[in-house]
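Engineer: Sharing final.csv here; it has CSV, C-alpha atoms.
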```csv
chain,number,residue,atom,x,y,z
A,1,MET,CA,1.5,-10.0,22.3
A,2,LYS,CA,2.2,-6.8,20.5
A,3,ILE,CA,4.9,-4.7,22.0
A,4,ALA,CA,4.7,-0.9,21.3
A,5,THR,CA,8.0,0.8,22.2
A,6,THR,CA,9.8,4.1,22.7
A,7,GLY,CA,13.3,4.7,23.6
A,8,GLY,CA,15.0,2.0,21.5
A,9,ARG,CA,13.3,-1.1,22.8
A,10,PRO,CA,12.3,-3.9,20.5
A,11,VAL,CA,9.0,-4.1,18.5
A,12,LEU,CA,7.3,-7.4,18.3
A,13,THR,CA,4.3,-8.0,16.1
A,14,ARG,CA,3.0,-11.6,16.2
A,15,HIS,CA,1.7,-12.8,12.8
A,16,SER,CA,-1.5,-14.0,14.5
A,17,GLU,CA,-2.2,-10.5,15.9
A,18,ALA,CA,-1.1,-8.4,12.9
A,19,GLU,CA,-3.7,-6.4,11.1
A,20,THR,CA,-4.3,-7.2,7.4
A,21,CYS,CA,-5.7,-5.1,4.6
A,22,ALA,CA,-6.9,-7.0,1.5
A,23,ASP,CA,-8.0,-5.9,-1.9
A,24,PRO,CA,-8.8,-8.0,-4.9
A,25,SER,CA,-5.1,-8.4,-5.9
A,26,SER,CA,-3.1,-8.4,-2.6
A,27,VAL,CA,-3.0,-8.9,1.1
A,28,MET,CA,-0.9,-6.5,3.2
A,29,THR,CA,0.1,-7.5,6.7
A,30,LEU,CA,0.9,-4.4,8.8
A,31,LEU,CA,3.9,-5.1,11.0
A,32,ALA,CA,5.3,-1.9,12.5
A,33,ASP,CA,4.3,1.8,12.0
A,34,SER,CA,6.6,4.7,12.9
A,35,ASP,CA,4.5,5.6,16.0
A,36,SER,CA,5.4,2.2,17.6
A,37,THR,CA,9.1,2.2,16.8
A,38,ALA,CA,11.8,4.2,18.5
A,39,ASP,CA,13.7,5.0,15.3
A,40,GLY,CA,10.6,5.6,13.2
A,41,LEU,CA,10.6,2.8,10.7
A,42,THR,CA,7.5,1.4,9.0
A,43,SER,CA,7.2,-2.1,7.8
A,44,TYR,CA,4.6,-4.3,6.1
A,45,ARG,CA,4.4,-7.5,4.1
A,46,SER,CA,2.5,-7.8,0.8
A,47,THR,CA,1.5,-10.9,-1.0
A,48,PHE,CA,0.5,-10.2,-4.6
A,49,ALA,CA,-1.7,-12.5,-6.7
A,50,LYS,CA,-0.3,-13.6,-10.1
A,51,GLY,CA,0.5,-10.6,-12.2
A,52,ALA,CA,-1.1,-8.1,-9.7
A,53,VAL,CA,-0.2,-4.5,-10.0
A,54,GLY,CA,1.2,-3.0,-6.8
A,55,ALA,CA,2.0,0.7,-6.8
A,56,PRO,CA,2.1,3.1,-9.8
A,57,ALA,CA,5.1,5.3,-10.3
A,58,HIS,CA,5.8,7.5,-7.3
A,59,PHE,CA,8.5,8.8,-5.1
A,60,HIS,CA,9.1,9.7,-1.4
A,61,THR,CA,10.8,13.0,-0.4
A,62,ARG,CA,12.0,11.7,3.0
A,63,ALA,CA,12.1,7.9,3.2
A,64,THR,CA,14.2,5.2,1.7
A,65,GLU,CA,12.0,2.3,0.7
A,66,LEU,CA,13.4,-1.2,1.1
A,67,PHE,CA,12.2,-4.2,-0.7
A,68,PHE,CA,13.0,-7.8,0.2
A,69,VAL,CA,11.4,-10.5,-2.0
A,70,ILE,CA,10.5,-13.5,0.2
A,71,SER,CA,9.1,-15.6,-2.6
A,72,GLY,CA,8.0,-15.2,-6.2
A,73,SER,CA,9.1,-12.4,-8.5
A,74,LEU,CA,8.5,-8.7,-8.3
A,75,GLN,CA,8.8,-6.4,-11.4
A,76,VAL,CA,10.1,-3.0,-10.3
A,77,LEU,CA,10.7,0.4,-11.9
A,78,VAL,CA,13.6,2.3,-10.4
A,79,GLY,CA,14.2,5.7,-12.1
A,80,LYS,CA,13.7,4.8,-15.8
A,81,GLU,CA,14.8,1.2,-15.6
A,82,VAL,CA,12.5,-1.9,-15.2
A,83,THR,CA,13.9,-5.1,-13.7
A,84,VAL,CA,12.6,-8.2,-12.0
A,85,LEU,CA,13.6,-9.1,-8.4
A,86,GLU,CA,13.6,-12.8,-7.5
A,87,ALA,CA,13.2,-14.5,-4.2
A,88,GLY,CA,16.0,-13.4,-1.9
A,89,ASP,CA,16.7,-10.2,-3.8
A,90,PHE,CA,16.9,-6.9,-1.9
A,91,LEU,CA,16.4,-3.4,-3.2
A,92,ALA,CA,16.8,0.0,-1.5
A,93,VAL,CA,15.2,3.0,-3.3
A,94,PRO,CA,16.5,6.4,-1.9
A,95,PRO,CA,14.3,9.5,-1.6
A,96,HIS,CA,13.3,11.4,-4.7
A,97,THR,CA,13.7,8.3,-6.9
A,98,PRO,CA,10.6,7.4,-9.0
A,99,HIS,CA,9.7,3.7,-8.5
A,100,ALA,CA,6.8,1.3,-9.0
A,101,PHE,CA,6.2,-2.4,-8.5
A,102,ALA,CA,3.9,-5.2,-9.5
A,103,ALA,CA,4.1,-9.0,-9.4
A,104,ALA,CA,6.1,-10.1,-12.4
A,105,PRO,CA,4.1,-11.3,-15.4
A,106,CYS,CA,2.5,-14.7,-14.6
A,107,CYS,CA,4.0,-14.7,-11.1
A,108,GLU,CA,3.0,-14.2,-7.5
A,109,ALA,CA,5.1,-12.2,-5.1
A,110,ASP,CA,5.6,-12.1,-1.4
A,111,VAL,CA,7.5,-9.0,-0.4
A,112,LEU,CA,8.7,-7.3,2.9
A,113,PHE,CA,8.6,-3.5,2.7
A,114,VAL,CA,10.5,-1.2,5.1
A,115,PHE,CA,10.5,2.6,5.1
A,116,THR,CA,13.2,4.5,7.0
A,117,PRO,CA,12.7,6.9,8.4
A,118,GLY,CA,9.1,5.7,8.7
A,119,MET,CA,6.0,7.8,9.1
A,120,GLY,CA,2.5,6.8,9.9
A,121,ARG,CA,1.7,4.9,6.7
A,122,PHE,CA,-0.8,2.3,7.9
A,123,ASP,CA,-3.7,4.7,7.3
A,124,TYR,CA,-2.4,5.1,3.7
A,125,LEU,CA,-2.4,1.4,3.2
A,126,ARG,CA,-5.9,1.1,4.7
A,127,LEU,CA,-7.0,3.8,2.3
A,128,LEU,CA,-5.5,2.0,-0.7
A,129,GLY,CA,-7.4,-1.2,0.3
A,130,ARG,CA,-10.7,0.8,0.5
A,131,VAL,CA,-10.1,2.4,-2.9
A,132,MET,CA,-9.2,-1.0,-4.5
A,133,ARG,CA,-12.4,-2.4,-3.1
A,134,GLY,CA,-14.5,0.5,-4.3
A,135,GLU,CA,-15.2,1.8,-0.8
A,136,ALA,CA,-13.4,5.1,-1.2
A,137,ASP,CA,-12.6,7.5,-4.1
A,138,ALA,CA,-9.2,7.6,-5.7
A,139,THR,CA,-9.1,11.4,-5.2
A,140,GLU,CA,-8.5,10.7,-1.5
A,141,ILE,CA,-5.1,9.2,-2.4
A,142,ALA,CA,-4.1,12.3,-4.4
A,143,ALA,CA,-5.2,14.5,-1.5
A,144,SER,CA,-3.1,12.5,1.0
A,145,ALA,CA,0.3,12.9,-1.0
A,146,LYS,CA,1.9,15.3,1.4
A,147,ARG,CA,0.6,13.6,4.6
A,148,PHE,CA,2.0,10.2,3.6
A,149,ASP,CA,5.0,11.4,1.5
A,150,ASN,CA,3.7,9.5,-1.5
A,151,HIS,CA,4.0,11.6,-4.7
A,152,TYR,CA,2.7,10.0,-7.9
A,153,VAL,CA,4.5,10.7,-11.2
A,154,ASP,CA,3.9,9.7,-14.8
A,155,SER,CA,6.2,7.1,-16.2
A,156,PRO,CA,5.9,6.1,-19.8
A,157,VAL,CA,8.5,3.4,-19.1
A,158,TRP,CA,6.4,1.8,-16.4
A,159,ARG,CA,3.2,2.1,-18.4
A,160,ALA,CA,4.9,0.3,-21.4
A,161,ALA,CA,6.2,-2.4,-19.0
A,162,LEU,CA,2.7,-3.1,-17.7
A,163,GLU,CA,1.2,-3.1,-21.2
A,164,VAL,CA,3.7,-5.8,-22.3
A,165,SER,CA,2.9,-7.9,-19.2
A,166,ALA,CA,-0.9,-7.7,-19.7
```
Please lay out the structure from this file as structure tokens.

Structural biologist:
Amino acid sequence: MKIATTGGRPVLTRHSEAETCADPSSVMTLLADSDSTADGLTSYRSTFAKGAVGAPAHFHTRATELFFVISGSLQVLVGKEVTVLEAGDFLAVPPHTPHAFAAAPCCEADVLFVFTPGMGRFDYLRLLGRVMRGEADATEIAASAKRFDNHYVDSPVWRAALEVSA
């Protein structure tokens, strides 16, 4: 049973009923989007293949993005610093802070993501999957930046970190 709520009631998404989006390097399990939560949070879980790149450097203007590493290791950029989060680690990235993430070199990662306040991001995640599978053009992502509050930036620090791990 999936419970969609308004007015501060609980949101329940059963694993067996959750939508998944897959691309060659990860599987995203869509848990709660802002339209089904009273306080407008968005949450999903991503499992990354060994060394898989997650998101390039970007920032959000409204949302804080929360990361909780369930298992494995996640390499992250926060501002101009790259670090590795291990199982059990938690990270909160405030608005306007450039960040990026990938499974750490030679590692898999299983990560819970939460955005607060949330916004309808599931369509963005679906679009990412289609682009990664070659079913949509990457220009659609750039065109959706304002709608999904996902603004890409250049990060020489992140590019260098990915080159080292390749």

Engineer: Which of these, A:Thr42, A:Pro56, A:Ser16, A:Glu108, has the shortest distance to Ser73 (chain A) once you count all atoms listed in the file?

Structural biologist: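 Among the listed residues, the smallest separation from Ser73 (chain A) belongs to A:Glu108.
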
Engineer: Hey, can you check how far CA of Thr83 (chain A) sits from CA of Pro117 (chain A)?

Structural biologist: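 Those two atoms sit 25.2 Å apart.
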
Engineer: At a cut-off of 8 Å, using all atoms listed in the file, what residues contact Val78 (chain A)? Leave out same-chain residues fewer than 2 positions from it and give the result as a ChimeraX atom specification.

Structural biologist: /A:76,80-82,93,97-100

Engineer: Suppose you want the space between CA of Ala160 (chain A) and CA of Cys21 (chain A); what is it in Å?

Structural biologist: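 According to the coordinates, CA of Ala160 (chain A) and CA of Cys21 (chain A) are separated by 28.6 Å.
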
Engineer: Name the residues in contact with Phe115 (chain A) at a cut-off of 12 Å, using all atoms listed in the file, excluding same-chain residues fewer than 3 positions from it; report them as a ChimeraX atom specification.

Structural biologist: /A:31-34,37,39-45,60-68,91-95,112,118-122,148-150

Engineer: Need to verify the contact set: Ala55 (chain A), 12 Å, only C-alpha atoms, exclusion of same-chain residues closer than 4 positions in sequence. Can you return it as a ChimeraX atom specification?

Structural biologist: /A:25-26,46,48,59,74-77,98-103,125,128-129,132,141,150-153,158-159,162

Engineer: For a quick check of understanding, using only C-alpha atoms, which of A:Arg126, A:Ala57, A:Leu85, A:Val157 has the smallest distance to Thr20 (chain A)?

Structural biologist: A:Arg126

Engineer: Residues near Ala87 (chain A), anyone? I mean within 6 Å using only C-alpha atoms, not counting same-chain ones fewer than 6 positions away, as an NGL selection string.

Structural biologist: :A and (69-72)

Engineer: Grab the CA of Leu30 (chain A) to CA of Ala145 (chain A) distance for me, in Å with one decimal place.

Structural biologist: 19.9 Å
